[in-house]
>>> print(open('work34.csv').read())   # CSV, C-alpha atoms
chain,number,residue,atom,x,y,z
H,1127,GLY,CA,0.0,0.0,0.0
H,1128,ALA,CA,2.3,1.7,0.5
H,1129,GLY,CA,4.2,4.8,-0.2
H,1130,VAL,CA,6.8,5.6,-2.8
H,1131,SER,CA,9.5,2.9,-3.0
H,1132,GLN,CA,13.0,3.2,-4.6
H,1133,SER,CA,15.6,0.7,-5.5
H,1134,PRO,CA,18.4,0.0,-4.8
H,1135,SER,CA,18.7,1.7,-1.5
H,1136,ASN,CA,22.4,1.9,-1.9
H,1137,LYS,CA,24.6,1.7,-5.0
H,1138,VAL,CA,28.4,1.8,-5.2
H,1139,THR,CA,29.8,2.0,-8.7
H,1140,GLU,CA,33.1,2.7,-10.4
H,1141,LYS,CA,33.7,6.0,-12.2
H,1142,GLY,CA,32.7,5.6,-15.8
H,1143,LYS,CA,30.0,2.9,-15.3
H,1144,ASP,CA,26.3,3.4,-16.0
H,1145,VAL,CA,23.7,3.1,-13.3
H,1146,GLU,CA,19.9,2.8,-13.2
H,1147,LEU,CA,17.8,4.0,-10.3
H,1148,ARG,CA,14.2,2.9,-10.0
H,1149,CYS,CA,11.2,4.6,-8.5
H,1150,ASP,CA,7.7,3.0,-7.9
H,1151,PRO,CA,5.3,5.8,-7.1
H,1152,ILE,CA,2.0,5.6,-5.2
H,1153,SER,CA,-0.6,3.9,-7.3
H,1154,GLY,CA,-2.7,6.4,-9.1
H,1155,HIS,CA,-0.3,9.4,-8.7
H,1156,THR,CA,0.0,11.0,-12.1
H,1157,ALA,CA,2.9,13.3,-11.3
H,1158,LEU,CA,6.4,12.0,-10.5
H,1159,TYR,CA,9.5,14.0,-9.6
H,1160,TRP,CA,13.2,13.2,-9.3
H,1161,TYR,CA,15.5,15.2,-6.9
H,1162,ARG,CA,19.2,15.0,-6.0
H,1163,GLN,CA,20.5,15.7,-2.5
H,1164,ARG,CA,24.2,16.2,-2.1
H,1165,LEU,CA,25.7,16.0,1.3
H,1166,GLY,CA,25.0,19.1,3.3
H,1167,GLN,CA,22.9,20.7,0.5
H,1168,GLY,CA,19.2,21.1,-0.2
H,1169,LEU,CA,17.3,18.9,-2.6
H,1170,GLU,CA,17.8,19.9,-6.3
H,1171,PHE,CA,15.0,19.3,-8.8
H,1172,LEU,CA,16.0,17.1,-11.7
H,1173,ILE,CA,12.9,16.2,-13.8
H,1174,TYR,CA,9.2,16.1,-13.6
H,1175,PHE,CA,6.8,13.6,-15.3
H,1176,GLN,CA,3.1,14.1,-15.9
H,1177,GLY,CA,1.9,10.7,-17.0
H,1178,ASN,CA,4.6,9.2,-19.2
H,1179,SER,CA,5.8,12.5,-20.6
H,1180,ALA,CA,8.4,14.9,-19.1
H,1181,PRO,CA,7.3,18.5,-19.6
H,1182,ASP,CA,10.1,19.8,-17.3
H,1183,LYS,CA,13.6,18.4,-17.6
H,1184,SER,CA,15.3,21.6,-16.7
H,1185,GLY,CA,17.1,20.2,-13.7
H,1186,LEU,CA,19.0,17.5,-15.4
H,1187,PRO,CA,22.7,18.5,-14.9
H,1188,SER,CA,24.1,17.1,-18.1
H,1189,ASP,CA,23.3,14.8,-21.1
H,1190,ARG,CA,24.6,11.9,-19.1
H,1191,PHE,CA,21.4,12.0,-17.1
H,1192,SER,CA,18.1,10.7,-18.6
H,1193,ALA,CA,14.8,9.4,-17.2
H,1194,GLU,CA,11.8,7.6,-18.5
H,1195,ARG,CA,8.4,6.6,-17.1
H,1196,THR,CA,6.2,3.8,-18.4
H,1197,GLY,CA,2.6,2.8,-17.8
H,1198,GLU,CA,2.2,6.0,-15.8
H,1199,SER,CA,3.9,4.2,-13.1
H,1200,VAL,CA,7.5,3.1,-12.7
H,1201,SER,CA,10.3,5.6,-13.5
H,1202,THR,CA,13.9,4.9,-14.1
H,1203,LEU,CA,16.7,7.5,-13.8
H,1204,THR,CA,19.8,6.6,-15.7
H,1205,ILE,CA,23.2,8.1,-15.3
H,1206,GLN,CA,25.8,7.3,-17.9
H,1207,ARG,CA,29.5,7.4,-17.5
H,1208,THR,CA,29.2,8.2,-13.8
H,1209,GLN,CA,31.5,10.8,-12.3
H,1210,GLN,CA,32.5,11.3,-8.6
H,1211,GLU,CA,30.4,14.5,-8.5
H,1212,ASP,CA,27.3,12.3,-9.2
H,1213,SER,CA,27.6,10.9,-5.7
H,1214,ALA,CA,24.5,11.9,-3.8
H,1215,VAL,CA,21.1,10.6,-2.6
H,1216,TYR,CA,18.6,10.5,-5.4
H,1217,LEU,CA,15.0,11.0,-4.2
H,1218,CYS,CA,11.8,10.3,-6.0
H,1219,ALA,CA,8.4,11.9,-5.1
H,1220,SER,CA,4.9,11.5,-6.5
H,1221,SER,CA,1.7,13.5,-6.2
H,1222,LEU,CA,-1.9,12.8,-7.1
H,1223,GLN,CA,-1.8,15.5,-9.8
H,1224,ARG,CA,0.4,18.3,-10.9
H,1225,GLY,CA,-0.4,21.7,-9.3
H,1226,ASN,CA,0.9,23.8,-6.5
H,1227,THR,CA,-1.1,22.5,-3.6
H,1228,TYR,CA,-0.9,18.8,-4.2
H,1229,GLU,CA,1.3,17.1,-1.7
H,1230,GLN,CA,4.5,15.4,-2.8
H,1231,TYR,CA,5.2,12.1,-1.2
H,1232,PHE,CA,8.9,11.1,-1.1
H,1233,GLY,CA,10.6,7.7,-1.3
H,1234,PRO,CA,13.5,6.8,1.0
H,1235,GLY,CA,16.0,7.6,-1.7
H,1236,THR,CA,18.9,5.8,-3.4
H,1237,ARG,CA,22.4,6.6,-2.0
H,1238,LEU,CA,24.8,6.6,-5.0
H,1239,THR,CA,28.5,6.5,-4.3
H,1240,VAL,CA,30.9,6.7,-7.3
H,1241,THR,CA,34.4,5.6,-6.5
M,135,LYS,CA,17.7,33.8,-8.1
M,136,ASN,CA,15.2,31.6,-6.2
M,137,GLN,CA,16.7,30.8,-2.8
M,138,VAL,CA,15.5,29.5,0.5
M,139,GLU,CA,17.8,30.1,3.6
M,140,GLN,CA,17.4,28.5,7.0
M,141,SER,CA,18.8,29.2,10.4
M,142,PRO,CA,20.3,27.9,12.5
M,143,GLN,CA,22.1,25.2,10.6
M,144,SER,CA,22.0,23.0,13.6
M,145,LEU,CA,20.5,23.1,17.1
M,146,ILE,CA,20.7,21.0,20.3
M,147,ILE,CA,17.9,21.2,22.8
M,148,LEU,CA,16.9,19.2,25.9
M,149,GLU,CA,13.8,17.0,25.8
M,150,GLY,CA,10.7,18.9,26.8
M,151,LYS,CA,12.0,22.3,25.7
M,152,ASN,CA,10.6,24.4,22.9
M,153,CYS,CA,12.4,25.7,19.9
M,154,THR,CA,11.9,27.9,16.8
M,155,LEU,CA,13.5,27.4,13.4
M,156,GLN,CA,13.7,30.2,10.8
M,157,CYS,CA,13.3,30.4,7.1
M,158,ASN,CA,13.8,33.3,4.7
M,159,TYR,CA,13.1,33.0,1.0
M,160,THR,CA,13.4,34.9,-2.3
M,161,VAL,CA,11.2,32.9,-4.6
M,162,SER,CA,9.1,34.4,-7.3
M,163,PRO,CA,6.4,33.7,-8.1
M,164,PHE,CA,5.4,32.4,-4.7
M,165,SER,CA,2.8,29.7,-4.4
M,166,ASN,CA,3.1,28.0,-1.1
M,167,LEU,CA,5.5,27.3,1.7
M,168,ARG,CA,6.0,23.9,3.3
M,169,TRP,CA,7.9,22.5,6.2
M,170,TYR,CA,9.2,18.9,5.9
M,171,LYS,CA,10.8,16.6,8.5
M,172,GLN,CA,13.6,14.3,7.2
M,173,ASP,CA,14.8,11.5,9.5
M,174,THR,CA,18.3,10.2,8.8
M,175,GLY,CA,18.2,7.9,5.8
M,176,ARG,CA,14.6,8.6,5.0
M,177,GLY,CA,12.7,10.8,2.5
M,178,PRO,CA,11.2,14.1,3.7
M,179,VAL,CA,7.7,14.0,5.2
M,180,SER,CA,5.4,17.0,5.0
M,181,LEU,CA,4.5,18.7,8.3
M,182,THR,CA,2.6,21.8,7.1
M,183,ILE,CA,1.8,23.6,3.9
M,184,MET,CA,0.7,27.2,3.7
M,185,THR,CA,-0.5,29.4,0.9
M,186,PHE,CA,-0.1,33.1,0.5
M,187,SER,CA,-3.2,34.0,2.5
M,188,GLU,CA,-2.4,31.8,5.5
M,189,ASN,CA,-0.4,33.2,8.5
M,190,THR,CA,-0.2,30.1,10.7
M,191,LYS,CA,-0.8,26.4,10.6
M,192,SER,CA,-0.5,23.7,13.2
M,193,ASN,CA,0.2,20.0,13.1
M,194,GLY,CA,0.2,18.6,16.6
M,195,ARG,CA,3.2,20.1,18.4
M,196,TYR,CA,4.4,21.8,15.2
M,197,THR,CA,3.3,25.3,14.4
M,198,ALA,CA,4.4,27.1,11.3
M,199,THR,CA,4.0,30.8,10.6
M,200,LEU,CA,4.3,32.7,7.4
M,201,ASP,CA,4.8,36.4,6.7
M,202,ALA,CA,4.5,36.9,3.0
M,203,ASP,CA,5.4,40.5,3.2
M,204,THR,CA,8.8,40.0,4.7
M,205,LYS,CA,9.1,36.6,3.1
M,206,GLN,CA,9.8,34.8,6.4
M,207,SER,CA,8.5,31.7,8.0
M,208,SER,CA,9.2,29.9,11.2
M,209,LEU,CA,8.5,26.5,12.6
M,210,HIS,CA,7.9,26.2,16.4
M,211,ILE,CA,8.2,22.9,18.1
M,212,THR,CA,6.6,22.6,21.5
M,213,ALA,CA,7.5,20.2,24.3
M,214,SER,CA,10.2,18.5,22.2
M,215,GLN,CA,10.6,14.7,22.2
M,216,LEU,CA,13.6,12.6,21.3
M,217,SER,CA,11.8,11.5,18.1
M,218,ASP,CA,11.9,15.1,16.9
M,219,SER,CA,15.6,14.7,16.2
M,220,ALA,CA,15.8,15.2,12.5
M,221,SER,CA,16.5,17.7,9.7
M,222,TYR,CA,13.7,20.2,9.2
M,223,ILE,CA,13.5,21.6,5.7
M,224,CYS,CA,11.8,24.7,4.5
M,225,VAL,CA,10.4,24.4,1.0
M,226,VAL,CA,8.9,27.0,-1.2
M,227,GLY,CA,6.6,26.2,-4.2
M,228,SER,CA,7.4,28.4,-7.1
M,229,GLY,CA,4.1,28.3,-8.8
M,230,GLY,CA,3.3,27.2,-12.3
M,231,ALA,CA,2.1,23.9,-13.7
M,232,THR,CA,5.2,21.9,-12.6
M,233,ASN,CA,4.8,22.5,-8.9
M,234,LYS,CA,8.5,23.0,-8.7
M,235,LEU,CA,9.8,23.1,-5.1
M,236,ILE,CA,12.9,25.1,-4.0
M,237,PHE,CA,14.4,23.5,-0.9
M,238,GLY,CA,16.4,25.0,1.9
M,239,THR,CA,19.4,23.2,3.3
M,240,GLY,CA,17.6,22.3,6.5
M,241,THR,CA,18.1,22.8,10.2
M,242,LEU,CA,19.5,19.7,11.9
M,243,LEU,CA,17.8,19.4,15.3
M,244,ALA,CA,19.1,17.1,18.1
M,245,VAL,CA,16.9,16.5,21.1
M,246,GLN,CA,18.8,15.2,24.1
M,247,PRO,CA,17.4,13.5,27.2
>>> encode(input="work34.csv", output="structure tokens")
Amino acid sequence: GAGVSQSPSNKVTEKGKDVELRCDPISGHTALYWYRQRLGQGLEFLIYFQGNSAPDKSGLPSDRFSAERTGESVSTLTIQRTQQEDSAVYLCASSLQRGNTYEQYFGPGTRLTVT
Amino acid sequence: KNQVEQSPQSLIILEGKNCTLQCNYTVSPFSNLRWYKQDTGRGPVSLTIMTFSENTKSNGRYTATLDADTKQSSLHITASQLSDSASYICVVGSGGATNKLIFGTGTLLAVQP
């Protein structure tokens, strides 16, 4: 029943490798968000999905980052050729609909460490 | 530039005491202001959300205030408990269809017995 789930919870990878992070939103939530939280910093917006389309990708830091969503459900954030500065916690959130007053429910995050 | 600043960065209080956390923002257009609690290793959980016309909102022992004129907010915690130890994050919704949120860096609160 649950809330937003993310996997894996922790990922350690070598510099230059590709990684995929998964988010399972709350069932029925049409809006899905990805954020990055670096140590000691606030969450940074990465990308927003409405259904399966991404009307706002403005936060993706480089073309090494991409995301997709299928079935208006699961979303995958892919980071290609990882760099050490990609090390962070990646958080996913979902909300019932887009709009300023809808609550965003967060998953527990995936902690990515690039060595 | 849209920014949310919080103070203090960290705070230690004794169990049972009250405390107040501060938030200043420069976000335009402003839509709403939220306070989240983030336990270590967990995602943020919403405590309160206030729109432009609301001055105060309570959620149990948590009371948030908003002064839209001075662009300041505070979160007051009453009769603190050990379980209140967490990071408290002030978040401003910037308006528009995306519902983009601008996050502060948080105040790390430690409640000691």
>>> residues_around(input="work34.csv", residues="stretch 183-192 of chain M", least_positions_apart="4", cutoff="6 Å", atoms="all atoms listed in the file", output="ChimeraX atom specification")
/M:166-168,196-200
>>> interface_residues(input="work34.csv", of="chain H", to="chain M", cutoff="12 Å", atoms="all atoms listed in the file", output="JSON, numbers by chain")
{"H": [1129, 1130, 1131, 1132, 1135, 1136, 1157, 1158, 1159, 1160, 1161, 1162, 1163, 1164, 1165, 1166, 1167, 1168, 1169, 1170, 1171, 1172, 1173, 1174, 1175, 1176, 1180, 1181, 1182, 1183, 1184, 1185, 1215, 1216, 1217, 1218, 1219, 1220, 1221, 1222, 1223, 1224, 1225, 1226, 1227, 1228, 1229, 1230, 1231, 1232, 1233, 1234, 1235, 1236, 1237]}
>>> write_last_selection(input="work34.csv", atoms="C-alpha atoms", output="short mmCIF file (atom, residue, chain, number, x, y, z; two decimals), in the coordinates of the input")
data_model
loop_
_atom_site.label_atom_id
_atom_site.label_comp_id
_atom_site.auth_asym_id
_atom_site.auth_seq_id
_atom_site.Cartn_x
_atom_site.Cartn_y
_atom_site.Cartn_z
CA GLY H 1129 4.20 4.80 -0.20
CA VAL H 1130 6.80 5.60 -2.80
CA SER H 1131 9.50 2.90 -3.00
CA GLN H 1132 13.00 3.20 -4.60
CA SER H 1135 18.70 1.70 -1.50
CA ASN H 1136 22.40 1.90 -1.90
CA ALA H 1157 2.90 13.30 -11.30
CA LEU H 1158 6.40 12.00 -10.50
CA TYR H 1159 9.50 14.00 -9.60
CA TRP H 1160 13.20 13.20 -9.30
CA TYR H 1161 15.50 15.20 -6.90
CA ARG H 1162 19.20 15.00 -6.00
CA GLN H 1163 20.50 15.70 -2.50
CA ARG H 1164 24.20 16.20 -2.10
CA LEU H 1165 25.70 16.00 1.30
CA GLY H 1166 25.00 19.10 3.30
CA GLN H 1167 22.90 20.70 0.50
CA GLY H 1168 19.20 21.10 -0.20
CA LEU H 1169 17.30 18.90 -2.60
CA GLU H 1170 17.80 19.90 -6.30
CA PHE H 1171 15.00 19.30 -8.80
CA LEU H 1172 16.00 17.10 -11.70
CA ILE H 1173 12.90 16.20 -13.80
CA TYR H 1174 9.20 16.10 -13.60
CA PHE H 1175 6.80 13.60 -15.30
CA GLN H 1176 3.10 14.10 -15.90
CA ALA H 1180 8.40 14.90 -19.10
CA PRO H 1181 7.30 18.50 -19.60
CA ASP H 1182 10.10 19.80 -17.30
CA LYS H 1183 13.60 18.40 -17.60
CA SER H 1184 15.30 21.60 -16.70
CA GLY H 1185 17.10 20.20 -13.70
CA VAL H 1215 21.10 10.60 -2.60
CA TYR H 1216 18.60 10.50 -5.40
CA LEU H 1217 15.00 11.00 -4.20
CA CYS H 1218 11.80 10.30 -6.00
CA ALA H 1219 8.40 11.90 -5.10
CA SER H 1220 4.90 11.50 -6.50
CA SER H 1221 1.70 13.50 -6.20
CA LEU H 1222 -1.90 12.80 -7.10
CA GLN H 1223 -1.80 15.50 -9.80
CA ARG H 1224 0.40 18.30 -10.90
CA GLY H 1225 -0.40 21.70 -9.30
CA ASN H 1226 0.90 23.80 -6.50
CA THR H 1227 -1.10 22.50 -3.60
CA TYR H 1228 -0.90 18.80 -4.20
CA GLU H 1229 1.30 17.10 -1.70
CA GLN H 1230 4.50 15.40 -2.80
CA TYR H 1231 5.20 12.10 -1.20
CA PHE H 1232 8.90 11.10 -1.10
CA GLY H 1233 10.60 7.70 -1.30
CA PRO H 1234 13.50 6.80 1.00
CA GLY H 1235 16.00 7.60 -1.70
CA THR H 1236 18.90 5.80 -3.40
CA ARG H 1237 22.40 6.60 -2.00
#
>>> atom_distance(input="work34.csv", atom1="atom CA of M:Gln246", atom2="atom CA of M:Lys151")
10.0 Å
>>> atom_distance(input="work34.csv", atom1="atom CA of H:Arg1190", atom2="atom CA of H:Arg1207")
6.8 Å
>>> atom_distance(input="work34.csv", atom1="atom CA of M:Ile211", atom2="atom CA of M:Gln137")
23.9 Å
>>> residues_around(input="work34.csv", residues="M:Asn158", least_positions_apart="2", cutoff="7 Å", atoms="only C-alpha atoms", output="count of residues only")
7
>>> residues_around(input="work34.csv", residues="M:Leu181", least_positions_apart="6", cutoff="7 Å", atoms="all atoms listed in the file", output="list in words")
Trp169, Tyr170, Lys171 and Asn193 of chain M
>>> build_atoms(input="work34.csv", residues="stretch 206-217 of chain M", atoms="all heavy atoms", output="tab-separated table (two decimals), in the coordinates of the input")
chain	number	residue	atom	x	y	z
M	206	GLN	N	9.24	35.58	5.27
M	206	GLN	CA	9.80	34.80	6.40
M	206	GLN	C	8.83	33.80	6.87
M	206	GLN	O	7.62	34.04	6.86
M	206	GLN	CB	10.26	35.74	7.50
M	206	GLN	CG	11.36	36.71	7.13
M	206	GLN	CD	11.75	37.61	8.28
M	206	GLN	OE1	10.91	37.98	9.10
M	206	GLN	NE2	13.03	37.94	8.36
M	207	SER	N	9.37	32.69	7.34
M	207	SER	CA	8.50	31.70	8.00
M	207	SER	C	9.29	31.12	9.17
M	207	SER	O	10.52	31.19	9.25
M	207	SER	CB	8.23	30.55	6.98
M	207	SER	OG	7.52	29.49	7.61
M	208	SER	N	8.54	30.58	10.11
M	208	SER	CA	9.20	29.90	11.20
M	208	SER	C	8.42	28.63	11.54
M	208	SER	O	7.23	28.48	11.20
M	208	SER	CB	9.14	30.83	12.49
M	208	SER	OG	7.81	31.03	12.93
M	209	LEU	N	9.12	27.71	12.16
M	209	LEU	CA	8.50	26.50	12.60
M	209	LEU	C	8.82	26.36	14.11
M	209	LEU	O	9.98	26.33	14.52
M	209	LEU	CB	9.10	25.25	11.89
M	209	LEU	CG	8.52	23.90	12.34
M	209	LEU	CD1	7.06	23.77	11.88
M	209	LEU	CD2	9.34	22.73	11.78
M	210	HIS	N	7.75	26.32	14.90
M	210	HIS	CA	7.90	26.20	16.40
M	210	HIS	C	7.55	24.82	16.79
M	210	HIS	O	6.49	24.28	16.41
M	210	HIS	CB	6.97	27.25	17.03
M	210	HIS	CG	7.16	27.33	18.51
M	210	HIS	ND1	8.23	27.95	19.10
M	210	HIS	CD2	6.40	26.85	19.52
M	210	HIS	CE1	8.13	27.87	20.41
M	210	HIS	NE2	7.03	27.21	20.70
M	211	ILE	N	8.44	24.22	17.56
M	211	ILE	CA	8.20	22.90	18.10
M	211	ILE	C	8.02	23.01	19.60
M	211	ILE	O	8.89	23.55	20.30
M	211	ILE	CB	9.37	21.93	17.77
M	211	ILE	CG1	9.62	21.90	16.26
M	211	ILE	CG2	9.07	20.52	18.29
M	211	ILE	CD1	10.85	21.09	15.85
M	212	THR	N	6.91	22.51	20.07
M	212	THR	CA	6.60	22.60	21.50
M	212	THR	C	6.83	21.29	22.19
M	212	THR	O	6.59	20.22	21.63
M	212	THR	CB	5.08	22.97	21.63
M	212	THR	OG1	4.81	24.17	20.91
M	212	THR	CG2	4.69	23.15	23.08
M	213	ALA	N	7.35	21.39	23.41
M	213	ALA	CA	7.50	20.20	24.30
M	213	ALA	C	8.26	19.10	23.49
M	213	ALA	O	7.71	18.01	23.28
M	213	ALA	CB	6.19	19.71	24.80
M	214	SER	N	9.47	19.39	23.07
M	214	SER	CA	10.20	18.50	22.20
M	214	SER	C	10.34	17.09	22.75
M	214	SER	O	10.42	16.88	23.97
M	214	SER	CB	11.58	19.08	21.87
M	214	SER	OG	12.32	19.23	23.07
M	215	GLN	N	10.40	16.13	21.82
M	215	GLN	CA	10.60	14.70	22.20
M	215	GLN	C	11.85	14.21	21.44
M	215	GLN	O	12.28	14.79	20.44
M	215	GLN	CB	9.37	13.91	21.75
M	215	GLN	CG	8.09	14.37	22.43
M	215	GLN	CD	6.86	13.62	21.94
M	215	GLN	OE1	6.94	12.74	21.08
M	215	GLN	NE2	5.70	13.96	22.51
M	216	LEU	N	12.38	13.12	21.94
M	216	LEU	CA	13.60	12.60	21.30
M	216	LEU	C	13.35	12.25	19.84
M	216	LEU	O	14.25	12.40	19.01
M	216	LEU	CB	14.03	11.30	22.06
M	216	LEU	CG	14.44	11.48	23.52
M	216	LEU	CD1	14.82	10.13	24.13
M	216	LEU	CD2	15.57	12.48	23.66
M	217	SER	N	12.14	11.85	19.51
M	217	SER	CA	11.80	11.50	18.10
M	217	SER	C	11.74	12.73	17.20
M	217	SER	O	11.63	12.58	15.99
M	217	SER	CB	10.48	10.77	18.07
M	217	SER	OG	9.45	11.58	18.61
